[in-house]
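Worksheet for the structure shown next.
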Amino acid sequence: MTPVIAETRAELAAARAGVRGTLALVPTMGALHEGHRSLIREARRRADTVVVSVFVNPLQFGPGEDFDRYPRTFAEDVEACAAEGVDIVFAPGREVMYPEEPQVTVKSGPMGERVEGATRPGHFDGMLTVVLKLFLLVRPDLAVFGEKDAQQLAMIRRMVADLNVPVEIVGAPTVREADGLALSSRNRYLSADERGTALALSRALRAGADAVAGGPDAVVDAARAVLDKAASAEPPLHLDYLVLVDPGTFTEIPGPYEGPAVLAVAGRVGATHLIDNLPLQFGTPKEH
Ligand code: PAF
């Protein structure tokens with residue numbers, strides 16, 4: 001089935017008018033890969049109608065980031081959506097999403113300045129602004145996001161709670177290549193050698209997870225040992241951060257600690273910024 005393609009607000013409203021039952025939105029910036037397809041399948045399982053948005057949001061890219069060269073593969077994206085039974089692809093141009101320079105935007109607050117936000121100032125403000133606009137335009141019952149962008153997911157959950165946005169937020173697990181590399185639209189920038197170095201990110205997370213019985217410090221030390229090696233590989237990994245954080249607030253976890261945590265890592269290989277994370281549990285999970 002070929003999805004309806006809506007490029008304008010009027011086309012989206014017309015496609016939306018015929019919808020019955022629950023509607024799920026999967027917001028994307030296109031360049032769809034198996035990770036996105038798993039989000040779409042999760043949406044398909046949960047809702048009668050699935051909308052995928054494809055919009056490379058200029059507001060969430062900083063100066064010197066890869067907005068201009070971000071992969072744009074719309075024809076393939078529509079094919080992937082058709083194969084997954086998507087009903088509507090919302091693909092607005094910049095003039096549809098931002099007819100004027102926005103004056104009022106979402107502020108991500110202190111949480112948006114931590115971890116990934118500290119290396120990409122303004123990123124989470126731009127991301128939350130477009131997600132809220134997409135929610136208001138598409139009016140979904142639920143929206144599905146990847147756990148690969150753990151801080152993004154936590155920030156969206158927080159926005160929805162703080163601003164009473166009536167959308168259920170669903171997280172879907174990270175999809176990895178057989179060798180552990182987390183799928184990302186940016187992986188296509190990597191040369192074979194750069195990809196070899198990039199594997200250190202997922203290896204570091206695994207090493208950290210294997211050390212969980214030793215507590216937070218042991219986890220970070222084990223992960224750091226892997227990343228230190230990659231820093232002197234050819235090509236090298238330039239580490240942005242390795243942190244063990246509270247999954248809800250992204251504040252760093254001091255040892256000793258019992259409860260859920262996220263081990264998050266980001267770095268640059270060549271010109272490519274990559275992130276990855278792994279959820280961890282210290283001690284026995286609390287019964288609810
Ligand atoms: O994860 C992404 O692709 C983007 O940050 C999102 C959620 C589509 C907003 O532009």
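Residue numbers start at 1 in each chain; chains themselves are named A, B, ... in the order of the structure tokens; ligands are numbered from 1 in the order shown.
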Report task. Among the residues of segment 68-144 of chain A, find those DSSP assigns to helix (DSSP H, G or I) from the backbone and print them as a PyMOL selection string. Result -> chain A and resi 74-83+94-97+110-113+116-119+123-138
Could you write out the selected residues, including N, CA and C atoms, as an mmCIF file, in the first residue's frame?
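Okay, result_8.cif is ready:
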data_model
loop_
_atom_site.group_PDB
_atom_site.id
_atom_site.type_symbol
_atom_site.label_atom_id
_atom_site.label_comp_id
_atom_site.auth_asym_id
_atom_site.auth_seq_id
_atom_site.Cartn_x
_atom_site.Cartn_y
_atom_site.Cartn_z
ATOM 1 N N PHE A 74 14.339 10.820 0.251
ATOM 2 C CA PHE A 74 12.889 10.761 0.389
ATOM 3 C C PHE A 74 12.241 9.604 -0.376
ATOM 4 N N ALA A 75 12.691 9.346 -1.619
ATOM 5 C CA ALA A 75 12.044 8.279 -2.409
ATOM 6 C C ALA A 75 12.196 6.928 -1.687
ATOM 7 N N GLU A 76 13.393 6.650 -1.179
ATOM 8 C CA GLU A 76 13.604 5.389 -0.437
ATOM 9 C C GLU A 76 12.793 5.381 0.859
ATOM 10 N N ASP A 77 12.683 6.544 1.494
ATOM 11 C CA ASP A 77 11.916 6.615 2.751
ATOM 12 C C ASP A 77 10.450 6.231 2.507
ATOM 13 N N VAL A 78 9.901 6.728 1.383
ATOM 14 C CA VAL A 78 8.494 6.416 1.075
ATOM 15 C C VAL A 78 8.358 4.918 0.794
ATOM 16 N N GLU A 79 9.349 4.356 0.097
ATOM 17 C CA GLU A 79 9.306 2.890 -0.160
ATOM 18 C C GLU A 79 9.303 2.113 1.147
ATOM 19 N N ALA A 80 10.174 2.517 2.086
ATOM 20 C CA ALA A 80 10.240 1.830 3.390
ATOM 21 C C ALA A 80 8.899 1.964 4.116
ATOM 22 N N CYS A 81 8.300 3.156 4.049
ATOM 23 C CA CYS A 81 7.004 3.380 4.717
ATOM 24 C C CYS A 81 5.930 2.505 4.078
ATOM 25 N N ALA A 82 5.967 2.408 2.742
ATOM 26 C CA ALA A 82 4.978 1.571 2.046
ATOM 27 C C ALA A 82 5.134 0.122 2.493
ATOM 28 N N ALA A 83 6.385 -0.356 2.573
ATOM 29 C CA ALA A 83 6.632 -1.757 2.962
ATOM 30 C C ALA A 83 6.156 -2.030 4.383
ATOM 31 N N ARG A 94 10.476 23.449 4.905
ATOM 32 C CA ARG A 94 10.801 24.414 5.970
ATOM 33 C C ARG A 94 9.750 25.517 6.067
ATOM 34 N N GLU A 95 9.219 25.945 4.879
ATOM 35 C CA GLU A 95 8.245 27.047 4.854
ATOM 36 C C GLU A 95 6.906 26.628 5.479
ATOM 37 N N VAL A 96 6.651 25.323 5.525
ATOM 38 C CA VAL A 96 5.416 24.838 6.163
ATOM 39 C C VAL A 96 5.601 24.801 7.686
ATOM 40 N N MET A 97 6.757 24.298 8.132
ATOM 41 C CA MET A 97 6.980 24.195 9.577
ATOM 42 C C MET A 97 7.336 25.539 10.198
ATOM 43 N N PRO A 110 17.112 23.119 32.544
ATOM 44 C CA PRO A 110 18.418 22.603 32.981
ATOM 45 C C PRO A 110 18.722 21.219 32.408
ATOM 46 N N MET A 111 17.680 20.388 32.261
ATOM 47 C CA MET A 111 17.917 19.031 31.746
ATOM 48 C C MET A 111 18.452 19.071 30.308
ATOM 49 N N GLY A 112 18.023 20.093 29.576
ATOM 50 C CA GLY A 112 18.460 20.238 28.188
ATOM 51 C C GLY A 112 19.880 20.777 28.068
ATOM 52 N N GLU A 113 20.461 21.165 29.203
ATOM 53 C CA GLU A 113 21.852 21.670 29.168
ATOM 54 C C GLU A 113 22.830 20.605 29.641
ATOM 55 N N GLU A 116 24.310 15.510 26.502
ATOM 56 C CA GLU A 116 24.310 15.840 25.067
ATOM 57 C C GLU A 116 24.041 17.347 24.865
ATOM 58 N N GLY A 117 23.203 17.906 25.728
ATOM 59 C CA GLY A 117 22.882 19.340 25.633
ATOM 60 C C GLY A 117 24.094 20.219 25.913
ATOM 61 N N ALA A 118 25.035 19.722 26.723
ATOM 62 C CA ALA A 118 26.233 20.516 27.033
ATOM 63 C C ALA A 118 27.166 20.575 25.822
ATOM 64 N N THR A 119 27.155 19.511 24.990
ATOM 65 C CA THR A 119 28.028 19.526 23.807
ATOM 66 C C THR A 119 27.309 20.134 22.599
ATOM 67 N N HIS A 123 20.319 22.404 21.146
ATOM 68 C CA HIS A 123 19.805 21.241 20.401
ATOM 69 C C HIS A 123 18.446 20.786 20.934
ATOM 70 N N PHE A 124 18.344 20.642 22.259
ATOM 71 C CA PHE A 124 17.089 20.094 22.795
ATOM 72 C C PHE A 124 15.948 21.111 22.714
ATOM 73 N N ASP A 125 16.247 22.407 22.763
ATOM 74 C CA ASP A 125 15.181 23.412 22.563
ATOM 75 C C ASP A 125 14.582 23.239 21.165
ATOM 76 N N GLY A 126 15.468 23.107 20.159
ATOM 77 C CA GLY A 126 15.006 22.963 18.770
ATOM 78 C C GLY A 126 14.265 21.665 18.551
ATOM 79 N N MET A 127 14.767 20.606 19.178
ATOM 80 C CA MET A 127 14.126 19.292 19.015
ATOM 81 C C MET A 127 12.727 19.307 19.657
ATOM 82 N N LEU A 128 12.634 19.825 20.899
ATOM 83 C CA LEU A 128 11.320 19.829 21.576
ATOM 84 C C LEU A 128 10.335 20.734 20.838
ATOM 85 N N THR A 129 10.831 21.837 20.300
ATOM 86 C CA THR A 129 9.944 22.754 19.578
ATOM 87 C C THR A 129 9.308 22.054 18.385
ATOM 88 N N VAL A 130 10.116 21.331 17.600
ATOM 89 C CA VAL A 130 9.539 20.690 16.414
ATOM 90 C C VAL A 130 8.641 19.527 16.818
ATOM 91 N N VAL A 131 9.003 18.796 17.872
ATOM 92 C CA VAL A 131 8.167 17.662 18.292
ATOM 93 C C VAL A 131 6.805 18.185 18.762
ATOM 94 N N LEU A 132 6.799 19.271 19.522
ATOM 95 C CA LEU A 132 5.515 19.819 19.972
ATOM 96 C C LEU A 132 4.693 20.305 18.768
ATOM 97 N N LYS A 133 5.347 20.959 17.810
ATOM 98 C CA LYS A 133 4.621 21.414 16.612
ATOM 99 C C LYS A 133 4.041 20.221 15.838
ATOM 100 N N LEU A 134 4.838 19.146 15.720
ATOM 101 C CA LEU A 134 4.334 17.959 15.011
ATOM 102 C C LEU A 134 3.144 17.358 15.756
ATOM 103 N N PHE A 135 3.220 17.342 17.093
ATOM 104 C CA PHE A 135 2.088 16.818 17.878
ATOM 105 C C PHE A 135 0.834 17.654 17.610
ATOM 106 N N LEU A 136 1.000 18.974 17.546
ATOM 107 C CA LEU A 136 -0.167 19.851 17.368
ATOM 108 C C LEU A 136 -0.740 19.735 15.954
ATOM 109 N N LEU A 137 0.125 19.484 14.987
ATOM 110 C CA LEU A 137 -0.349 19.359 13.598
ATOM 111 C C LEU A 137 -0.984 17.990 13.346
ATOM 112 N N VAL A 138 -0.341 16.942 13.836
ATOM 113 C CA VAL A 138 -0.800 15.568 13.522
ATOM 114 C C VAL A 138 -1.854 15.099 14.527
#
Requested in this report: Enumerate, as a VMD selection string, the complete set of residues in segment 163-198 of chain A that a backbone-based DSSP assignment places in strand (DSSP E).
Outcome: chain A and resid 168 to 172
Query raised in the report: So which residues are near ligand 1, meaning at most 9 Å away with only C-alpha atoms and all ligand atoms counted, given back as a PyMOL selection string?
Result: chain A and resi 26-30+36+53-60+123-124+126-131+134+145-146+148-149+152-153+156+185
Could you write out that same residue set with N, CA, C and O atoms as a short mmCIF file (atom, residue, chain, number, x, y, z; two decimals), in the first residue's frame?
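The result, stored in selection38.cif:
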data_model
loop_
_atom_site.label_atom_id
_atom_site.label_comp_id
_atom_site.auth_asym_id
_atom_site.auth_seq_id
_atom_site.Cartn_x
_atom_site.Cartn_y
_atom_site.Cartn_z
N VAL A 26 5.24 8.56 14.18
CA VAL A 26 6.67 8.27 14.31
C VAL A 26 7.41 9.45 13.68
O VAL A 26 7.51 9.54 12.45
N PRO A 27 7.91 10.38 14.52
CA PRO A 27 8.63 11.53 13.96
C PRO A 27 10.04 11.11 13.53
O PRO A 27 10.74 10.43 14.30
N THR A 28 10.47 11.50 12.33
CA THR A 28 11.82 11.16 11.87
C THR A 28 12.39 12.34 11.09
O THR A 28 11.66 13.26 10.71
N MET A 29 13.70 12.24 10.85
CA MET A 29 14.32 13.21 9.94
C MET A 29 14.67 12.50 8.63
O MET A 29 15.54 12.95 7.88
N GLY A 30 13.98 11.40 8.35
CA GLY A 30 14.22 10.67 7.10
C GLY A 30 15.48 9.82 7.17
O GLY A 30 15.96 9.51 8.26
N HIS A 36 14.43 2.83 12.40
CA HIS A 36 13.15 3.53 12.19
C HIS A 36 12.04 2.53 11.88
O HIS A 36 10.91 2.69 12.34
N SER A 53 6.44 11.23 10.09
CA SER A 53 6.84 12.55 9.59
C SER A 53 8.31 12.51 9.20
O SER A 53 9.12 11.82 9.83
N VAL A 54 8.61 13.21 8.12
CA VAL A 54 9.98 13.29 7.59
C VAL A 54 10.31 14.77 7.46
O VAL A 54 9.76 15.46 6.60
N PHE A 55 11.16 15.26 8.38
CA PHE A 55 11.52 16.68 8.33
C PHE A 55 12.87 16.87 9.00
O PHE A 55 13.03 16.52 10.17
N VAL A 56 13.83 17.37 8.25
CA VAL A 56 15.15 17.65 8.83
C VAL A 56 15.04 19.05 9.46
O VAL A 56 14.96 20.06 8.75
N ASN A 57 14.99 19.05 10.77
CA ASN A 57 14.62 20.25 11.53
C ASN A 57 15.82 21.18 11.75
O ASN A 57 16.67 20.88 12.59
N PRO A 58 15.85 22.32 11.04
CA PRO A 58 17.04 23.17 11.17
C PRO A 58 17.27 23.68 12.60
O PRO A 58 18.40 23.90 13.00
N LEU A 59 16.17 23.79 13.37
CA LEU A 59 16.28 24.37 14.71
C LEU A 59 17.12 23.54 15.67
O LEU A 59 17.61 24.05 16.69
N GLN A 60 17.29 22.25 15.39
CA GLN A 60 18.03 21.41 16.35
C GLN A 60 19.48 21.18 15.94
O GLN A 60 20.18 20.41 16.58
N HIS A 123 20.32 22.40 21.15
CA HIS A 123 19.80 21.24 20.40
C HIS A 123 18.45 20.79 20.93
O HIS A 123 17.50 20.59 20.16
N PHE A 124 18.34 20.64 22.26
CA PHE A 124 17.09 20.09 22.80
C PHE A 124 15.95 21.11 22.71
O PHE A 124 14.78 20.72 22.57
N GLY A 126 15.47 23.11 20.16
CA GLY A 126 15.01 22.96 18.77
C GLY A 126 14.27 21.66 18.55
O GLY A 126 13.25 21.62 17.84
N MET A 127 14.77 20.61 19.18
CA MET A 127 14.13 19.29 19.01
C MET A 127 12.73 19.31 19.66
O MET A 127 11.74 18.88 19.04
N LEU A 128 12.63 19.82 20.90
CA LEU A 128 11.32 19.83 21.58
C LEU A 128 10.33 20.73 20.84
O LEU A 128 9.15 20.42 20.74
N THR A 129 10.83 21.84 20.30
CA THR A 129 9.94 22.75 19.58
C THR A 129 9.31 22.05 18.38
O THR A 129 8.09 22.12 18.17
N VAL A 130 10.12 21.33 17.60
CA VAL A 130 9.54 20.69 16.41
C VAL A 130 8.64 19.53 16.82
O VAL A 130 7.60 19.29 16.19
N VAL A 131 9.00 18.80 17.87
CA VAL A 131 8.17 17.66 18.29
C VAL A 131 6.81 18.18 18.76
O VAL A 131 5.75 17.64 18.39
N LEU A 134 4.84 19.15 15.72
CA LEU A 134 4.33 17.96 15.01
C LEU A 134 3.14 17.36 15.76
O LEU A 134 2.16 16.94 15.14
N PHE A 145 9.37 6.78 19.85
CA PHE A 145 10.74 7.31 19.70
C PHE A 145 11.72 6.21 20.08
O PHE A 145 11.42 5.34 20.91
N GLY A 146 12.93 6.28 19.52
CA GLY A 146 13.95 5.27 19.79
C GLY A 146 14.66 5.52 21.11
O GLY A 146 14.97 6.66 21.47
N LYS A 148 17.60 4.72 21.51
CA LYS A 148 18.97 5.08 21.11
C LYS A 148 19.27 6.54 21.48
O LYS A 148 20.35 6.88 21.92
N ASP A 149 18.26 7.42 21.32
CA ASP A 149 18.41 8.83 21.73
C ASP A 149 17.77 8.95 23.11
O ASP A 149 16.68 9.52 23.26
N GLN A 152 16.92 12.42 24.47
CA GLN A 152 15.80 12.98 23.69
C GLN A 152 14.48 12.40 24.20
O GLN A 152 13.52 13.13 24.45
N LEU A 153 14.45 11.07 24.36
CA LEU A 153 13.23 10.41 24.83
C LEU A 153 12.84 10.91 26.23
O LEU A 153 11.67 11.22 26.49
N ILE A 156 11.43 14.43 25.97
CA ILE A 156 10.07 14.46 25.41
C ILE A 156 9.07 14.01 26.47
O ILE A 156 8.01 14.61 26.64
N SER A 185 21.26 7.18 11.22
CA SER A 185 21.32 7.73 9.85
C SER A 185 22.72 8.24 9.55
O SER A 185 23.13 8.34 8.40
#
Query raised in the report: Can you list, as an MDAnalysis selection string, every protein, DNA or RNA residue that comes within 12 Å of Thr49 of chain A when you count only C-alpha atoms, leaving out same-chain residues fewer than 6 positions away?
Result: chainID A and resid 3:4 15:26 40:43 84:89 138:143
Output N, CA, C and O atoms for every residue in the selection just made, as a compact mmCIF listing (two decimals), in the first residue's frame.
# COMPACT_ATOMS: atom_id res chain seq x y z
N PRO A 3 1.57 4.96 0.92
CA PRO A 3 0.97 5.92 1.87
C PRO A 3 0.53 7.20 1.19
O PRO A 3 1.05 7.55 0.12
N VAL A 4 -0.40 7.89 1.80
CA VAL A 4 -0.75 9.24 1.35
C VAL A 4 0.42 10.16 1.72
O VAL A 4 0.91 10.10 2.85
N ALA A 15 -5.91 14.41 4.95
CA ALA A 15 -5.61 13.00 5.19
C ALA A 15 -6.04 12.60 6.60
O ALA A 15 -6.56 11.51 6.84
N ARG A 16 -5.86 13.52 7.54
CA ARG A 16 -6.19 13.27 8.95
C ARG A 16 -7.69 13.14 9.16
O ARG A 16 -8.15 12.40 10.03
N ALA A 17 -8.48 13.87 8.31
CA ALA A 17 -9.94 13.92 8.48
C ALA A 17 -10.58 12.53 8.33
O ALA A 17 -11.57 12.23 8.98
N GLY A 18 -9.98 11.68 7.49
CA GLY A 18 -10.58 10.36 7.26
C GLY A 18 -10.20 9.32 8.31
O GLY A 18 -10.66 8.18 8.24
N VAL A 19 -9.36 9.71 9.28
CA VAL A 19 -8.82 8.72 10.21
C VAL A 19 -9.83 8.33 11.28
O VAL A 19 -10.45 9.19 11.89
N ARG A 20 -9.96 7.03 11.49
CA ARG A 20 -10.82 6.52 12.58
C ARG A 20 -9.92 5.71 13.52
O ARG A 20 -8.93 5.14 13.08
N GLY A 21 -10.27 5.63 14.80
CA GLY A 21 -9.51 4.82 15.76
C GLY A 21 -8.27 5.56 16.23
O GLY A 21 -8.17 6.79 16.11
N THR A 22 -7.31 4.81 16.77
CA THR A 22 -6.13 5.46 17.36
C THR A 22 -5.09 5.76 16.30
O THR A 22 -4.92 5.02 15.33
N LEU A 23 -4.38 6.86 16.51
CA LEU A 23 -3.38 7.30 15.54
C LEU A 23 -2.02 7.38 16.23
O LEU A 23 -1.88 7.98 17.30
N ALA A 24 -1.01 6.76 15.61
CA ALA A 24 0.36 6.83 16.13
C ALA A 24 1.22 7.64 15.18
O ALA A 24 1.11 7.51 13.96
N LEU A 25 2.10 8.46 15.78
CA LEU A 25 3.05 9.24 14.98
C LEU A 25 4.47 8.73 15.25
O LEU A 25 4.84 8.48 16.41
N VAL A 26 5.24 8.56 14.18
CA VAL A 26 6.67 8.27 14.31
C VAL A 26 7.41 9.45 13.68
O VAL A 26 7.51 9.54 12.45
N ILE A 40 8.32 2.05 13.47
CA ILE A 40 7.06 2.03 12.69
C ILE A 40 6.28 0.75 13.02
O ILE A 40 5.05 0.79 13.21
N ARG A 41 6.99 -0.37 13.16
CA ARG A 41 6.29 -1.63 13.47
C ARG A 41 5.65 -1.55 14.86
O ARG A 41 4.55 -2.05 15.08
N GLU A 42 6.35 -0.90 15.80
CA GLU A 42 5.79 -0.72 17.15
C GLU A 42 4.52 0.13 17.06
O GLU A 42 3.51 -0.17 17.69
N ALA A 43 4.58 1.18 16.25
CA ALA A 43 3.41 2.05 16.07
C ALA A 43 2.26 1.26 15.44
O ALA A 43 1.11 1.36 15.87
N GLU A 84 6.17 -1.00 5.24
CA GLU A 84 5.75 -1.19 6.64
C GLU A 84 4.27 -0.86 6.84
O GLU A 84 3.79 -0.81 7.97
N GLY A 85 3.56 -0.56 5.76
CA GLY A 85 2.11 -0.31 5.88
C GLY A 85 1.77 1.02 6.53
O GLY A 85 0.72 1.15 7.19
N VAL A 86 2.63 2.03 6.37
CA VAL A 86 2.35 3.37 6.91
C VAL A 86 1.18 3.98 6.12
O VAL A 86 1.09 3.81 4.90
N ASP A 87 0.29 4.67 6.82
CA ASP A 87 -0.87 5.25 6.16
C ASP A 87 -0.59 6.62 5.56
O ASP A 87 -1.02 6.93 4.46
N ILE A 88 0.12 7.47 6.35
CA ILE A 88 0.35 8.85 5.90
C ILE A 88 1.82 9.21 6.15
O ILE A 88 2.34 8.96 7.24
N VAL A 89 2.47 9.77 5.13
CA VAL A 89 3.81 10.35 5.33
C VAL A 89 3.62 11.87 5.30
O VAL A 89 3.15 12.42 4.30
N VAL A 138 -0.34 16.94 13.84
CA VAL A 138 -0.80 15.57 13.52
C VAL A 138 -1.85 15.10 14.53
O VAL A 138 -2.70 14.29 14.21
N ARG A 139 -1.79 15.61 15.75
CA ARG A 139 -2.70 15.23 16.84
C ARG A 139 -2.78 13.71 17.05
O ARG A 139 -3.84 13.09 16.96
N PRO A 140 -1.61 13.08 17.33
CA PRO A 140 -1.60 11.63 17.54
C PRO A 140 -2.08 11.27 18.95
O PRO A 140 -2.03 12.10 19.86
N ASP A 141 -2.53 10.03 19.10
CA ASP A 141 -2.81 9.51 20.45
C ASP A 141 -1.51 9.09 21.11
O ASP A 141 -1.36 9.17 22.31
N LEU A 142 -0.60 8.55 20.30
CA LEU A 142 0.70 8.12 20.84
C LEU A 142 1.79 8.42 19.82
O LEU A 142 1.52 8.59 18.63
N ALA A 143 3.02 8.49 20.33
CA ALA A 143 4.16 8.73 19.44
C ALA A 143 5.30 7.82 19.88
O ALA A 143 5.49 7.59 21.08
Report task. Please provide as a VMD selection string all residues within 9 Å of Thr284 of chain A, with the sequence filter that same-chain residues fewer than 2 positions apart are discarded (counting only C-alpha atoms). Result -> chain A and resid 258 to 259 281 to 282 286
Neighbouring residues of segment 209-220 of chain A were defined as those with any atom within 9 Å, considering only C-alpha atoms; residues of the same chain fewer than 3 positions away were excluded. Please report them as a PDB file with N, CA and C atoms, in the first residue's frame.
ATOM      1  N   ALA A 204      32.403  -0.293  24.618  1.00  0.00           N
ATOM      2  CA  ALA A 204      32.588   0.342  25.925  1.00  0.00           C
ATOM      3  C   ALA A 204      31.339   0.151  26.788  1.00  0.00           C
ATOM      4  N   LEU A 205      30.174   0.290  26.162  1.00  0.00           N
ATOM      5  CA  LEU A 205      28.925   0.124  26.917  1.00  0.00           C
ATOM      6  C   LEU A 205      28.786  -1.306  27.431  1.00  0.00           C
ATOM      7  N   ARG A 206      29.152  -2.271  26.579  1.00  0.00           N
ATOM      8  CA  ARG A 206      29.074  -3.685  26.968  1.00  0.00           C
ATOM      9  C   ARG A 206      30.037  -3.954  28.125  1.00  0.00           C
ATOM     10  N   ALA A 223      34.226   0.953  31.044  1.00  0.00           N
ATOM     11  CA  ALA A 223      33.873   1.567  29.753  1.00  0.00           C
ATOM     12  C   ALA A 223      34.993   2.505  29.297  1.00  0.00           C
ATOM     13  N   ARG A 224      35.537   3.266  30.255  1.00  0.00           N
ATOM     14  CA  ARG A 224      36.573   4.247  29.890  1.00  0.00           C
ATOM     15  C   ARG A 224      37.821   3.570  29.339  1.00  0.00           C
ATOM     16  N   ALA A 225      38.138   2.383  29.866  1.00  0.00           N
ATOM     17  CA  ALA A 225      39.340   1.676  29.392  1.00  0.00           C
ATOM     18  C   ALA A 225      39.226   1.389  27.890  1.00  0.00           C
ATOM     19  N   LEU A 242      31.393  10.387  28.553  1.00  0.00           N
ATOM     20  CA  LEU A 242      30.966   9.059  29.015  1.00  0.00           C
ATOM     21  C   LEU A 242      30.370   9.326  30.384  1.00  0.00           C
ATOM     22  N   VAL A 243      29.090   9.078  30.559  1.00  0.00           N
ATOM     23  CA  VAL A 243      28.446   9.394  31.839  1.00  0.00           C
ATOM     24  C   VAL A 243      27.487   8.277  32.251  1.00  0.00           C
ATOM     25  N   LEU A 244      27.355   8.155  33.552  1.00  0.00           N
ATOM     26  CA  LEU A 244      26.355   7.250  34.112  1.00  0.00           C
ATOM     27  C   LEU A 244      25.311   8.152  34.758  1.00  0.00           C
ATOM     28  N   ILE A 253      25.127   9.933  38.314  1.00  0.00           N
ATOM     29  CA  ILE A 253      24.885   9.080  39.474  1.00  0.00           C
ATOM     30  C   ILE A 253      26.177   8.945  40.273  1.00  0.00           C
ATOM     31  N   PRO A 254      26.101   9.294  41.566  1.00  0.00           N
ATOM     32  CA  PRO A 254      27.289   9.110  42.382  1.00  0.00           C
ATOM     33  C   PRO A 254      27.299   7.686  42.929  1.00  0.00           C
ATOM     34  N   GLY A 255      28.436   7.074  43.119  1.00  0.00           N
ATOM     35  CA  GLY A 255      28.459   5.760  43.773  1.00  0.00           C
ATOM     36  C   GLY A 255      28.464   5.962  45.276  1.00  0.00           C
ATOM     37  N   PRO A 256      28.008   5.028  46.127  1.00  0.00           N
ATOM     38  CA  PRO A 256      27.275   3.825  45.755  1.00  0.00           C
ATOM     39  C   PRO A 256      25.810   4.157  45.415  1.00  0.00           C
ATOM     40  N   TYR A 257      25.175   3.270  44.630  1.00  0.00           N
ATOM     41  CA  TYR A 257      23.843   3.588  44.121  1.00  0.00           C
ATOM     42  C   TYR A 257      23.075   2.307  43.850  1.00  0.00           C
ATOM     43  N   GLU A 258      21.782   2.349  44.101  1.00  0.00           N
ATOM     44  CA  GLU A 258      20.899   1.227  43.712  1.00  0.00           C
ATOM     45  C   GLU A 258      19.756   1.806  42.892  1.00  0.00           C
ATOM     46  N   LEU A 263      23.967   4.345  30.941  1.00  0.00           N
ATOM     47  CA  LEU A 263      25.369   4.618  30.622  1.00  0.00           C
ATOM     48  C   LEU A 263      25.362   5.205  29.213  1.00  0.00           C
ATOM     49  N   LEU A 278      23.229   2.516  27.055  1.00  0.00           N
ATOM     50  CA  LEU A 278      22.697   1.227  27.501  1.00  0.00           C
ATOM     51  C   LEU A 278      22.001   1.441  28.845  1.00  0.00           C
ATOM     52  N   PRO A 279      20.756   0.963  28.974  1.00  0.00           N
ATOM     53  CA  PRO A 279      20.119   1.043  30.289  1.00  0.00           C
ATOM     54  C   PRO A 279      20.722  -0.016  31.212  1.00  0.00           C
ATOM     55  N   LEU A 280      20.971   0.341  32.472  1.00  0.00           N
ATOM     56  CA  LEU A 280      21.559  -0.598  33.441  1.00  0.00           C
ATOM     57  C   LEU A 280      20.706  -0.595  34.705  1.00  0.00           C
ATOM     58  N   GLN A 281      20.859  -1.653  35.498  1.00  0.00           N
ATOM     59  CA  GLN A 281      20.161  -1.722  36.791  1.00  0.00           C
ATOM     60  C   GLN A 281      21.192  -2.058  37.865  1.00  0.00           C
ATOM     61  N   PHE A 282      21.286  -1.208  38.890  1.00  0.00           N
ATOM     62  CA  PHE A 282      22.154  -1.514  40.038  1.00  0.00           C
ATOM     63  C   PHE A 282      21.274  -2.061  41.157  1.00  0.00           C
ATOM     64  N   GLY A 283      21.591  -3.256  41.650  1.00  0.00           N
ATOM     65  CA  GLY A 283      20.765  -3.887  42.687  1.00  0.00           C
ATOM     66  C   GLY A 283      19.505  -4.456  42.063  1.00  0.00           C
TER      67      GLY A 283
END
Query - One-decimal distance in Å that lies between atom CA of Asp276 of chain A and atom CA of Glu234 of chain A - result: 20.6 Å
Requested in this report: For Ala154 of chain A, work out the shell of residues within 9 Å, counting only C-alpha atoms and skipping chain neighbours fewer than 3 positions away, then give it as a count of residues only.
Outcome: 10
Query - Between atom CA of Ala198 of chain A and atom CA of Val170 of chain A, distance in Å (one decimal) - result: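 Interatomic distance, atom CA of Ala198 of chain A to atom CA of Val170 of chain A: 27.9 Å.
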Query raised in the report: Between atom CA of Pro121 of chain A and atom CA of Arg69 of chain A, what is the spacing in Å?
Result: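 Distance between the two atoms: 19.8 Å.
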Query raised in the report: Leaving out segment 269-273 of chain A and any residue of its chain fewer than 2 positions from it, which residues lie within 10 Å of it when counting only C-alpha atoms, given as a PyMOL selection string?
Result: chain A and resi 65-66+186-191+193-198+230-231+234-240+266-267+275
